[in-house]
Each structure stands twice: as C-alpha cells, then as structure tokens.
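Heads up, upload30.cif below (mmCIF, C-alpha atoms):
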```cif
data_work
loop_
_atom_site.label_atom_id
_atom_site.label_comp_id
_atom_site.auth_asym_id
_atom_site.auth_seq_id
_atom_site.Cartn_x
_atom_site.Cartn_y
_atom_site.Cartn_z
CA MET B 1 41.08 33.49 -58.77
CA ALA B 2 42.46 30.22 -57.48
CA ASP B 3 46.18 29.59 -57.18
CA ASN B 4 48.24 28.50 -60.17
CA ASN B 5 48.85 24.91 -59.07
CA ASN B 6 47.74 22.44 -61.75
CA LEU B 7 46.42 25.25 -63.94
CA LEU B 8 44.93 23.91 -67.19
CA VAL B 9 43.34 26.86 -68.96
CA GLN B 10 43.47 30.58 -68.30
CA VAL B 11 41.03 32.92 -70.06
CA GLU B 12 41.60 36.67 -69.74
CA ASP B 13 39.36 39.48 -71.02
CA LEU B 14 38.05 37.32 -73.87
CA LYS B 15 35.94 39.16 -76.46
CA ILE B 16 34.13 37.44 -79.31
CA HIS B 17 32.15 39.50 -81.82
CA PHE B 18 29.87 38.40 -84.65
CA PHE B 19 30.07 40.67 -87.68
CA THR B 20 26.64 40.51 -89.35
CA ASN B 21 24.80 42.60 -91.94
CA GLU B 22 22.59 43.99 -89.17
CA GLY B 23 25.55 45.05 -87.05
CA ILE B 24 28.17 43.77 -84.61
CA VAL B 25 27.04 41.38 -81.89
CA ARG B 26 29.23 41.41 -78.77
CA ALA B 27 28.48 37.81 -77.86
CA VAL B 28 31.33 37.58 -75.35
CA ASP B 29 32.49 40.88 -73.94
CA GLY B 30 35.43 40.55 -71.57
CA VAL B 31 35.20 37.12 -69.91
CA THR B 32 37.90 36.04 -67.44
CA PHE B 33 38.22 32.70 -65.63
CA ASP B 34 40.59 29.78 -65.11
CA ILE B 35 40.25 26.02 -64.70
CA HIS B 36 42.51 23.67 -62.73
CA SER B 37 43.07 19.92 -62.77
CA GLY B 38 40.40 17.97 -60.93
CA GLU B 39 38.00 20.90 -60.48
CA THR B 40 34.62 21.70 -61.99
CA LEU B 41 33.76 25.21 -63.11
CA CYS B 42 30.04 25.61 -63.79
CA MET B 43 28.89 28.34 -66.15
CA VAL B 44 25.27 29.43 -65.68
CA GLY B 45 22.92 32.06 -67.06
CA GLU B 46 19.90 32.47 -69.31
CA SER B 47 19.97 31.41 -72.96
CA GLY B 48 21.81 33.89 -75.16
CA CYS B 49 24.31 34.98 -72.52
CA GLY B 50 27.39 33.66 -74.35
CA LYS B 51 28.12 30.44 -72.46
CA SER B 52 28.37 28.11 -75.46
CA VAL B 53 30.30 30.63 -77.55
CA THR B 54 32.84 30.97 -74.73
CA ALA B 55 33.22 27.18 -74.53
CA ARG B 56 33.62 26.85 -78.31
CA ALA B 57 36.36 29.49 -78.26
CA LEU B 58 38.51 27.14 -76.14
CA LEU B 59 38.64 24.85 -79.19
CA GLN B 60 38.64 27.58 -81.84
CA ILE B 61 35.33 26.33 -83.27
CA VAL B 62 33.31 29.55 -83.09
CA HIS B 63 30.98 29.59 -86.08
CA ARG B 64 31.43 32.30 -88.71
CA PRO B 65 30.94 35.25 -88.75
CA GLY B 66 32.13 35.04 -85.13
CA LYS B 67 35.70 35.99 -84.33
CA ILE B 68 37.93 36.39 -81.27
CA VAL B 69 38.75 40.11 -81.34
CA ASP B 70 40.57 40.55 -78.03
CA GLY B 71 41.81 38.75 -74.94
CA SER B 72 43.67 35.49 -74.56
CA ILE B 73 43.09 31.77 -74.01
CA VAL B 74 46.16 29.94 -72.72
CA LEU B 75 46.41 26.16 -72.42
CA TYR B 76 49.00 24.78 -70.00
CA ARG B 77 50.09 21.52 -71.63
CA GLN B 78 52.38 18.88 -70.14
CA LYS B 79 55.36 18.79 -72.52
CA SER B 80 57.51 16.48 -70.41
CA HIS B 81 57.59 15.11 -66.88
CA ASP B 82 58.78 18.39 -65.38
CA GLN B 83 58.03 20.91 -68.12
CA ILE B 84 54.79 22.78 -68.83
CA GLU B 85 54.20 24.30 -72.25
CA LYS B 86 52.04 27.41 -72.69
CA VAL B 87 49.91 27.38 -75.82
CA ARG B 88 47.99 30.54 -76.74
CA ILE B 89 44.88 28.97 -78.25
CA SER B 90 43.46 32.39 -79.10
CA ASP B 91 46.35 32.98 -81.51
CA LEU B 92 46.06 29.67 -83.37
CA GLU B 93 44.52 29.28 -86.81
CA PRO B 94 41.09 27.58 -86.46
CA LYS B 95 41.99 25.09 -89.22
CA GLY B 96 45.67 24.81 -88.35
CA ARG B 97 47.56 21.66 -87.41
CA GLU B 98 48.31 22.72 -83.82
CA ILE B 99 44.72 23.40 -82.76
CA ARG B 100 43.62 20.17 -84.44
CA SER B 101 46.17 18.31 -82.32
CA ILE B 102 44.59 19.86 -79.21
CA ARG B 103 40.94 19.12 -80.07
CA GLY B 104 39.98 15.73 -78.74
CA LYS B 105 43.35 15.12 -77.12
CA ASP B 106 44.03 17.89 -74.59
CA ILE B 107 40.53 19.42 -74.64
CA SER B 108 37.36 17.50 -75.51
CA MET B 109 33.77 18.64 -75.70
CA ILE B 110 30.41 16.97 -75.12
CA PHE B 111 27.99 18.94 -77.26
CA GLN B 112 24.48 19.93 -76.25
CA GLU B 113 22.66 17.76 -78.79
CA PRO B 114 24.46 14.52 -79.73
CA MET B 115 22.14 13.83 -82.68
CA THR B 116 23.47 16.89 -84.48
CA SER B 117 27.06 16.26 -83.36
CA LEU B 118 27.31 12.64 -84.44
CA SER B 119 27.24 11.98 -88.18
CA PRO B 120 24.25 9.86 -89.27
CA MET B 121 26.37 8.50 -92.15
CA TYR B 122 28.85 6.58 -89.99
CA THR B 123 28.52 4.11 -87.16
CA VAL B 124 29.20 5.14 -83.59
CA GLY B 125 32.26 2.91 -83.57
CA ASN B 126 33.76 4.44 -86.72
CA GLN B 127 33.46 7.95 -85.31
CA ILE B 128 35.12 7.07 -82.00
CA MET B 129 37.84 5.03 -83.74
CA GLU B 130 38.64 7.97 -86.03
CA THR B 131 39.41 10.15 -83.00
CA ILE B 132 41.64 7.49 -81.45
CA MET B 133 43.62 6.87 -84.65
CA LEU B 134 43.98 10.59 -85.30
CA HIS B 135 45.62 11.35 -81.95
CA THR B 136 47.44 8.10 -81.15
CA LYS B 137 49.53 5.53 -83.00
CA ALA B 138 46.80 2.89 -82.71
CA ASP B 139 45.92 0.86 -85.78
CA LYS B 140 42.35 -0.03 -86.72
CA ASN B 141 42.19 -3.20 -84.59
CA GLN B 142 43.65 -1.44 -81.55
CA ALA B 143 41.27 1.49 -82.02
CA ARG B 144 38.28 -0.86 -82.19
CA ALA B 145 39.38 -2.64 -79.01
CA ARG B 146 39.77 0.72 -77.26
CA THR B 147 36.32 1.81 -78.51
CA LEU B 148 34.69 -1.35 -77.11
CA GLU B 149 36.43 -0.68 -73.81
CA LEU B 150 35.17 2.93 -73.75
CA LEU B 151 31.58 2.00 -74.64
CA GLU B 152 31.52 -0.51 -71.80
CA PHE B 153 33.17 2.01 -69.49
CA VAL B 154 30.43 4.63 -70.03
CA GLY B 155 27.73 2.08 -69.25
CA ILE B 156 26.47 1.12 -72.72
CA PRO B 157 25.05 -2.43 -72.69
CA ARG B 158 26.13 -4.91 -75.37
CA PRO B 159 28.98 -2.73 -76.73
CA ASN B 160 29.82 -5.44 -79.31
CA ARG B 161 26.51 -4.67 -81.02
CA ILE B 162 26.28 -0.92 -80.36
CA ILE B 163 29.72 -0.25 -81.87
CA ASP B 164 28.31 -1.02 -85.34
CA GLU B 165 25.04 0.89 -84.90
CA TYR B 166 24.24 4.27 -86.45
CA PRO B 167 23.46 7.16 -84.04
CA PHE B 168 19.81 7.50 -85.17
CA ARG B 169 19.14 3.94 -83.99
CA LEU B 170 20.12 4.79 -80.41
CA SER B 171 18.16 6.53 -77.64
CA GLY B 172 19.09 10.03 -76.45
CA GLY B 173 20.85 8.68 -73.36
CA MET B 174 22.81 6.14 -75.40
CA ARG B 175 23.90 8.80 -77.90
CA GLN B 176 25.03 11.05 -75.07
CA ARG B 177 27.06 8.20 -73.59
CA ALA B 178 28.62 7.56 -76.99
CA MET B 179 29.55 11.26 -77.17
CA ILE B 180 31.16 11.00 -73.74
CA ALA B 181 33.09 7.90 -74.87
CA MET B 182 34.38 9.83 -77.88
CA ALA B 183 35.31 12.84 -75.74
CA LEU B 184 37.25 10.63 -73.32
CA SER B 185 38.90 8.42 -75.94
CA CYS B 186 42.29 10.17 -75.65
CA ASN B 187 42.19 10.95 -71.90
CA PRO B 188 41.80 14.76 -72.22
CA ARG B 189 42.98 17.08 -69.48
CA LEU B 190 39.92 19.32 -69.87
CA LEU B 191 36.37 18.19 -70.60
CA ILE B 192 33.82 20.77 -71.75
CA ALA B 193 30.23 19.64 -71.15
CA ASP B 194 27.74 21.95 -72.88
CA GLU B 195 24.38 21.19 -71.25
CA PRO B 196 24.98 17.44 -71.60
CA THR B 197 21.77 16.45 -69.76
CA THR B 198 19.24 19.00 -71.08
CA ALA B 199 17.26 16.66 -73.37
CA LEU B 200 17.43 13.60 -71.09
CA ASP B 201 15.01 12.23 -68.51
CA VAL B 202 15.80 12.73 -64.82
CA THR B 203 17.15 9.21 -64.23
CA THR B 204 19.48 9.38 -67.23
CA GLN B 205 20.58 12.90 -66.20
CA ALA B 206 21.69 11.58 -62.82
CA GLN B 207 23.56 8.68 -64.44
CA ILE B 208 25.39 10.98 -66.88
CA ILE B 209 26.42 13.37 -64.09
CA ASP B 210 27.64 10.50 -61.91
CA LEU B 211 29.58 9.15 -64.89
CA ILE B 212 31.31 12.48 -65.57
CA GLN B 213 32.19 12.90 -61.88
CA GLY B 214 33.59 9.37 -61.69
CA LEU B 215 35.71 9.89 -64.80
CA GLN B 216 36.94 13.21 -63.46
CA LYS B 217 38.24 11.51 -60.31
CA ASP B 218 39.84 8.68 -62.29
CA TYR B 219 41.69 10.97 -64.72
CA ASP B 220 42.05 14.17 -62.62
CA MET B 221 40.34 16.12 -65.40
CA GLY B 222 39.24 19.70 -65.26
CA VAL B 223 35.59 20.14 -66.25
CA LEU B 224 33.80 23.17 -67.68
CA PHE B 225 30.12 22.37 -67.17
CA ILE B 226 27.50 24.58 -68.84
CA THR B 227 23.97 24.24 -67.47
CA HIS B 228 20.72 26.02 -66.62
CA ASP B 229 20.02 23.65 -63.72
CA LEU B 230 21.12 25.28 -60.47
CA GLY B 231 20.43 22.02 -58.64
CA VAL B 232 23.13 20.35 -60.74
CA VAL B 233 25.46 23.30 -60.03
CA ALA B 234 25.00 22.89 -56.28
CA GLU B 235 25.84 19.19 -56.58
CA ILE B 236 28.92 19.19 -58.81
CA ALA B 237 30.54 22.66 -58.93
CA ASP B 238 33.72 23.80 -57.23
CA ARG B 239 33.44 27.32 -58.68
CA VAL B 240 30.68 29.13 -60.55
CA ALA B 241 30.74 31.78 -63.27
CA VAL B 242 27.37 33.54 -63.68
CA MET B 243 27.03 35.03 -67.17
CA TYR B 244 24.72 37.72 -68.49
CA LEU B 245 24.81 39.18 -72.01
CA GLY B 246 28.44 38.31 -72.66
CA ASN B 247 29.84 39.19 -69.23
CA VAL B 248 30.71 37.15 -66.16
CA VAL B 249 28.70 39.15 -63.63
CA GLU B 250 29.72 37.07 -60.60
CA TYR B 251 32.51 34.55 -60.08
CA SER B 252 33.25 32.65 -56.90
CA ASP B 253 33.21 29.26 -55.18
CA VAL B 254 29.92 27.38 -55.17
CA TYR B 255 29.31 27.89 -51.43
CA THR B 256 29.60 31.68 -51.75
CA ILE B 257 27.39 31.84 -54.84
CA PHE B 258 24.55 29.99 -53.11
CA ASN B 259 24.90 31.41 -49.60
CA ASP B 260 26.20 34.94 -50.16
CA PRO B 261 25.38 36.06 -53.72
CA GLN B 262 26.10 39.74 -54.31
CA HIS B 263 25.09 40.55 -57.88
CA PRO B 264 21.35 41.29 -58.31
CA TYR B 265 21.20 38.92 -61.28
CA THR B 266 22.61 36.00 -59.26
CA GLN B 267 20.19 36.80 -56.44
CA SER B 268 17.29 36.85 -58.90
CA LEU B 269 18.31 33.50 -60.41
CA LEU B 270 18.41 31.87 -57.00
CA ARG B 271 15.05 33.35 -55.98
CA SER B 272 13.46 31.91 -59.13
CA ILE B 273 14.23 28.30 -58.11
CA PRO B 274 11.01 26.42 -57.20
CA LYS B 275 10.85 25.56 -53.51
CA VAL B 276 9.03 22.79 -51.65
CA THR B 277 6.94 24.50 -48.94
CA ALA B 278 3.91 23.64 -46.79
CA THR B 279 1.87 26.38 -48.46
CA ARG B 280 1.66 27.44 -52.08
CA GLU B 281 3.92 30.35 -52.94
CA LYS B 282 4.07 32.35 -56.15
CA LEU B 283 7.23 31.58 -58.09
CA GLU B 284 9.44 34.65 -58.38
CA VAL B 285 10.58 35.53 -61.86
CA ILE B 286 13.14 37.90 -63.33
CA ARG B 287 11.18 40.68 -65.00
CA GLY B 288 11.66 41.25 -68.71
CA MET B 289 13.83 39.22 -71.06
CA VAL B 290 17.47 39.09 -72.13
CA PRO B 291 17.80 42.04 -74.55
CA SER B 292 18.50 41.48 -78.22
CA PRO B 293 22.27 41.64 -78.85
CA PHE B 294 21.52 44.20 -81.57
CA ARG B 295 19.86 46.49 -78.99
CA ARG B 296 22.27 46.14 -76.13
CA PRO B 297 21.39 48.57 -73.28
CA SER B 298 23.81 51.40 -72.51
CA GLY B 299 25.71 51.22 -69.24
CA CYS B 300 25.14 48.02 -67.28
CA PRO B 301 23.44 45.48 -69.57
CA PHE B 302 21.28 44.19 -66.68
CA HIS B 303 19.99 47.58 -65.48
CA PRO B 304 16.59 47.48 -67.33
CA ARG B 305 15.71 44.31 -65.36
CA CYS B 306 17.58 45.03 -62.13
CA PRO B 307 15.55 45.62 -58.92
CA LYS B 308 18.48 47.60 -57.45
CA ALA B 309 19.28 49.77 -60.47
CA MET B 310 20.59 53.30 -59.83
CA PRO B 311 20.45 56.25 -62.27
CA VAL B 312 24.16 55.82 -62.97
CA CYS B 313 23.60 52.22 -64.12
CA SER B 314 22.23 53.38 -67.47
CA GLU B 315 25.27 55.59 -68.10
CA ILE B 316 28.40 53.76 -66.91
CA GLU B 317 29.47 50.26 -67.91
CA PRO B 318 30.50 48.35 -64.76
CA LYS B 319 33.94 46.94 -64.18
CA THR B 320 34.88 43.83 -62.25
CA ILE B 321 35.26 44.43 -58.51
CA SER B 322 37.08 41.96 -56.22
CA LEU B 323 35.09 41.61 -52.99
CA THR B 324 37.53 38.99 -51.70
CA GLU B 325 40.45 37.13 -53.25
CA ASN B 326 38.11 34.51 -54.72
CA HIS B 327 34.92 36.51 -55.23
CA GLN B 328 34.48 38.94 -58.12
CA VAL B 329 31.37 40.86 -59.08
CA HIS B 330 30.61 42.97 -62.17
CA CYS B 331 28.30 45.60 -60.69
CA LEU B 332 28.20 49.36 -60.00
CA LEU B 333 26.71 48.77 -56.54
CA PHE B 334 30.22 47.90 -55.37
CA ASP B 335 32.08 50.57 -57.34
CA GLU B 336 32.55 53.54 -55.00
CA ASP B 337 34.06 55.71 -57.75
CA ALA B 338 31.02 55.19 -59.98
CA LYS B 339 28.60 56.04 -57.16
CA LYS B 340 30.30 59.34 -56.26
CA PRO B 341 28.39 61.40 -58.88
CA VAL B 342 25.10 60.02 -57.50
CA ARG B 343 25.97 61.11 -53.94
CA GLU B 344 27.15 64.54 -55.13
CA MET B 345 23.85 65.13 -57.00
CA ALA B 346 21.86 64.06 -53.94
CA SER B 347 23.74 66.49 -51.69
#
```
How does the structure come out when it is put into structure tokens?
Amino acid sequence: MADNNNLLVQVEDLKIHFFTNEGIVRAVDGVTFDIHSGETLCMVGESGCGKSVTARALLQIVHRPGKIVDGSIVLYRQKSHDQIEKVRISDLEPKGREIRSIRGKDISMIFQEPMTSLSPMYTVGNQIMETIMLHTKADKNQARARTLELLEFVGIPRPNRIIDEYPFRLSGGMRQRAMIAMALSCNPRLLIADEPTTALDVTTQAQIIDLIQGLQKDYDMGVLFITHDLGVVAEIADRVAVMYLGNVVEYSDVYTIFNDPQHPYTQSLLRSIPKVTATREKLEVIRGMVPSPFRRPSGCPFHPRCPKAMPVCSEIEPKTISLTENHQVHCLLFDEDAKKPVREMAS
C-alpha cells in the first residue's frame, strides 16, 4: 500500500453479499485498497467480477438485496484547516443524513450509462442545480450561474441552451459531459468513474478522459476509474487493482502490472490484448468464462481457467501475499505454506 499522506479512502477486507432466493452471492469477498489525493486507481477485470458493486459501496448505494456484511470503508474528510475527520462509511445508514451529505459533495460518481442515471422528467440544468443547492448555501440564481459555468467547463457548446434541454435530446457524449458536470458541481475530493467511456466513440472517449485528467489536476482529486480497456489503464493509472470473482487478485503500480505481472489472471488479460504485428497472429483468449456466482468454485476461484493451476488450488482458498511493499497478489503459487502438502506428496 502507498503511504498515508493525503489519504482519502481506505477499504479493508470489504465483503458484500446478495441474499437471494437461490442462495447467497458473494459479490465482493474481501477487497482491500486505498486512494490518495491526486492519484488514479484503476479497477479492471471481466464483467461480473464485483467492480461496480465495490464502487457503489463507497456511497452506500448497493442495490437490495445486497448488503455490506464485513470489512470497513473509511473516508478521511477535511474537518478544518489542520484536522482530519475519519468517517466509517460502512457503518452509516444508506438513507441517513450523514451519508447523504457525503454523496455528491465529498465523493461523486459518474455512472456507466448516463441515460439511465439522468431523469428524463427534468432538464439537465434542474438536476445539476439540485445537487448544488443541496450541498451549498446557493440560491436558485446562484445555482443556475454555477451550472452554466460547469457546462461550459466540461466542453458543452451553447450551455445557455443545453441547460434547459432534457437528457433524451442530447447525444451520448453530451449526456456523459453533463454527468461529469453534476459530479464535479461541489468540488468532490474523490471521483468514481464507472466505465464512463464504454458507450462512446473513440474521439469522444479521448476527450472525456482528457477532461477527467485535467479536472483531477485542477482540484487534486482522487479518482477511482473502472474500465475494461487496458489501453486506458496504461495511459491514466497510478495504481491498478485487478479483480476476479469478488477478489482483488493483484494490486500494484501501473508499471509493475504491465511489465511484471505475477498473477496468472493478470498475465492472461495482458496476453489477450490485440497487437499490431507484421504477420497475422491468433488472438489469445482466456479459456472458459467467469463462473456463475451461485456455483462458485472451491479453493481458488480462478483455478478452473488457470494455466498454472496446481492440485491444491481446488482445495485451499488463497490469501493475499505481499511480494514487495507495493505489490500484492492473491495466489497459491506464492504461498509456500500452501504448497508444502504438494511437495510432501511428490516426495
């Protein structure tokens, strides 16, 4: 883990379960990470690995029947010039006053699909103004002026007209920019971006990423960026958390993840990136699919798909091993105690 200077959020052994009629789904099963001011933590992994659920837990907006069952989420909030307040978000009531004061002010989120996150019944301006008036002492005129300023700031042309438009009348890129304007309206200390460029064309993707990076520098924000695009990760990340079936299987700085990955899943993800070569090469794929959460494999959840699986992998659940101070891996290949029975049987 990084040092504690400018620490914004600290997540330790977070577990989120969904209690359904079919059984219990361990959507997040012991996730640990932290985020500091001015840095970007990218969270990657296949769909269904728990990335979005983890992000939603930071705001206590996990959909029912999901529930935080263990672990902690601590927000380090500036109470005064020289005093930091610790707020245990994981202990707050999801509909309580304190967590509502945090949402949009200290921590904001850009959701994956802005069309489903923005209400079609209200104009873009009304929805941004509501956030501003909720968290500040601004009146309606001041909130409107601030909204116009934000819309112009995020690169929306003719903000005087767009402020009174409904979301369904805007393009995908414009809606995403409006979402970013809303998320930034109260100068949050942490911005969560849940696949903010997935549904956009390549040019708009680049513009949105540049916009987020520019705002991060201006406001010294921490950013939790969720994406499937490893090219984006290489460009913007300071640290990377690789998730698989509710676990962070590898966690390190971006240089180490790309140049010295240790977990077989991380290695497989990187090998599956298309490459520009002089000759045609078959694209490598990760065999199999992410298992159903109702039929979670015993032992290591990745072992049915792992090219380096050992017999012990189907029996023992791995623990997190620190390879260096800033590089952790969740794998039995690096657990000497777990491999002892294998060596004893072989001898």
Subject >> Residues selected by the PyMOL selection byres ((chain B and resi 285) around 12), written as a PyMOL selection string >> reply: chain B and resi 265+267-274+282-284+286-289+305-307
**OP:** Using the chain letters and numbers from the file, give me the residues hit by the PyMOL selection byres ((chain B and resi 84) around 12), as a PyMOL selection string.
**Re:** chain B and resi 5-8+74-83+85-87
**OP:** Kindly give the distance, in Å, that separates atom CA of Phe225 of chain B and atom CA of Ser52 of chain B, rounded to a single decimal.
**Re:** 10.2 Å
Subject >> Which residue of B:Asp229, B:His327, B:Arg64, B:Ala234 approaches Glu250 of chain B most closely, using all atoms listed in the file >> reply: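 The answer is B:His327, which sits nearest to Glu250 of chain B.
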**OP:** Can you work out the spacing between atom CA of Gly125 of chain B and atom CA of Lys217 of chain B in Å, to one decimal?
**Re:**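 Here the two named atoms are 25.5 Å from each other.
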Repair of segment 155-171 of chain B at the level of N, CA, C and O atoms, as a short mmCIF file (atom, residue, chain, number, x, y, z; two decimals), in the frame of the given file:
```cif
data_model
loop_
_atom_site.label_atom_id
_atom_site.label_comp_id
_atom_site.auth_asym_id
_atom_site.auth_seq_id
_atom_site.Cartn_x
_atom_site.Cartn_y
_atom_site.Cartn_z
N GLY B 155 28.98 2.71 -69.65
CA GLY B 155 27.73 2.08 -69.25
C GLY B 155 26.80 1.71 -70.37
O GLY B 155 25.59 1.55 -70.16
N ILE B 156 27.31 1.54 -71.59
CA ILE B 156 26.47 1.12 -72.72
C ILE B 156 26.38 -0.40 -72.73
O ILE B 156 27.41 -1.08 -72.79
N PRO B 157 25.17 -0.96 -72.66
CA PRO B 157 25.05 -2.43 -72.69
C PRO B 157 25.34 -2.99 -74.08
O PRO B 157 25.12 -2.32 -75.09
N ARG B 158 25.82 -4.20 -74.12
CA ARG B 158 26.13 -4.91 -75.37
C ARG B 158 26.98 -4.05 -76.33
O ARG B 158 26.58 -3.78 -77.48
N PRO B 159 28.14 -3.58 -75.88
CA PRO B 159 28.98 -2.73 -76.73
C PRO B 159 29.38 -3.38 -78.04
O PRO B 159 29.60 -2.69 -79.04
N ASN B 160 29.47 -4.74 -78.07
CA ASN B 160 29.82 -5.44 -79.31
C ASN B 160 28.80 -5.19 -80.41
O ASN B 160 29.14 -5.23 -81.60
N ARG B 161 27.54 -4.95 -80.04
CA ARG B 161 26.51 -4.67 -81.02
C ARG B 161 26.40 -3.17 -81.30
O ARG B 161 26.26 -2.73 -82.44
N ILE B 162 26.47 -2.37 -80.23
CA ILE B 162 26.28 -0.92 -80.36
C ILE B 162 27.39 -0.28 -81.18
O ILE B 162 27.17 0.70 -81.89
N ILE B 163 28.59 -0.85 -81.15
CA ILE B 163 29.72 -0.25 -81.87
C ILE B 163 29.45 -0.15 -83.38
O ILE B 163 29.98 0.75 -84.06
N ASP B 164 28.61 -1.02 -83.91
CA ASP B 164 28.31 -1.02 -85.34
C ASP B 164 26.94 -0.43 -85.67
O ASP B 164 26.45 -0.58 -86.80
N GLU B 165 26.33 0.25 -84.67
CA GLU B 165 25.04 0.89 -84.90
C GLU B 165 25.23 2.34 -85.34
O GLU B 165 26.24 2.98 -85.02
N TYR B 166 24.24 2.86 -86.05
CA TYR B 166 24.24 4.27 -86.45
C TYR B 166 23.57 5.09 -85.34
O TYR B 166 22.67 4.59 -84.64
N PRO B 167 23.97 6.36 -85.15
CA PRO B 167 23.46 7.16 -84.04
C PRO B 167 21.93 7.27 -84.00
O PRO B 167 21.34 7.26 -82.91
N PHE B 168 21.27 7.33 -85.18
CA PHE B 168 19.81 7.50 -85.17
C PHE B 168 19.07 6.27 -84.67
O PHE B 168 17.86 6.32 -84.43
N ARG B 169 19.77 5.16 -84.51
CA ARG B 169 19.14 3.94 -83.99
C ARG B 169 19.26 3.83 -82.48
O ARG B 169 18.78 2.87 -81.88
N LEU B 170 19.91 4.82 -81.85
CA LEU B 170 20.12 4.79 -80.41
C LEU B 170 19.22 5.81 -79.71
O LEU B 170 18.80 6.81 -80.31
N SER B 171 18.95 5.58 -78.44
CA SER B 171 18.16 6.53 -77.64
C SER B 171 19.01 7.75 -77.31
O SER B 171 20.24 7.75 -77.50
#
```
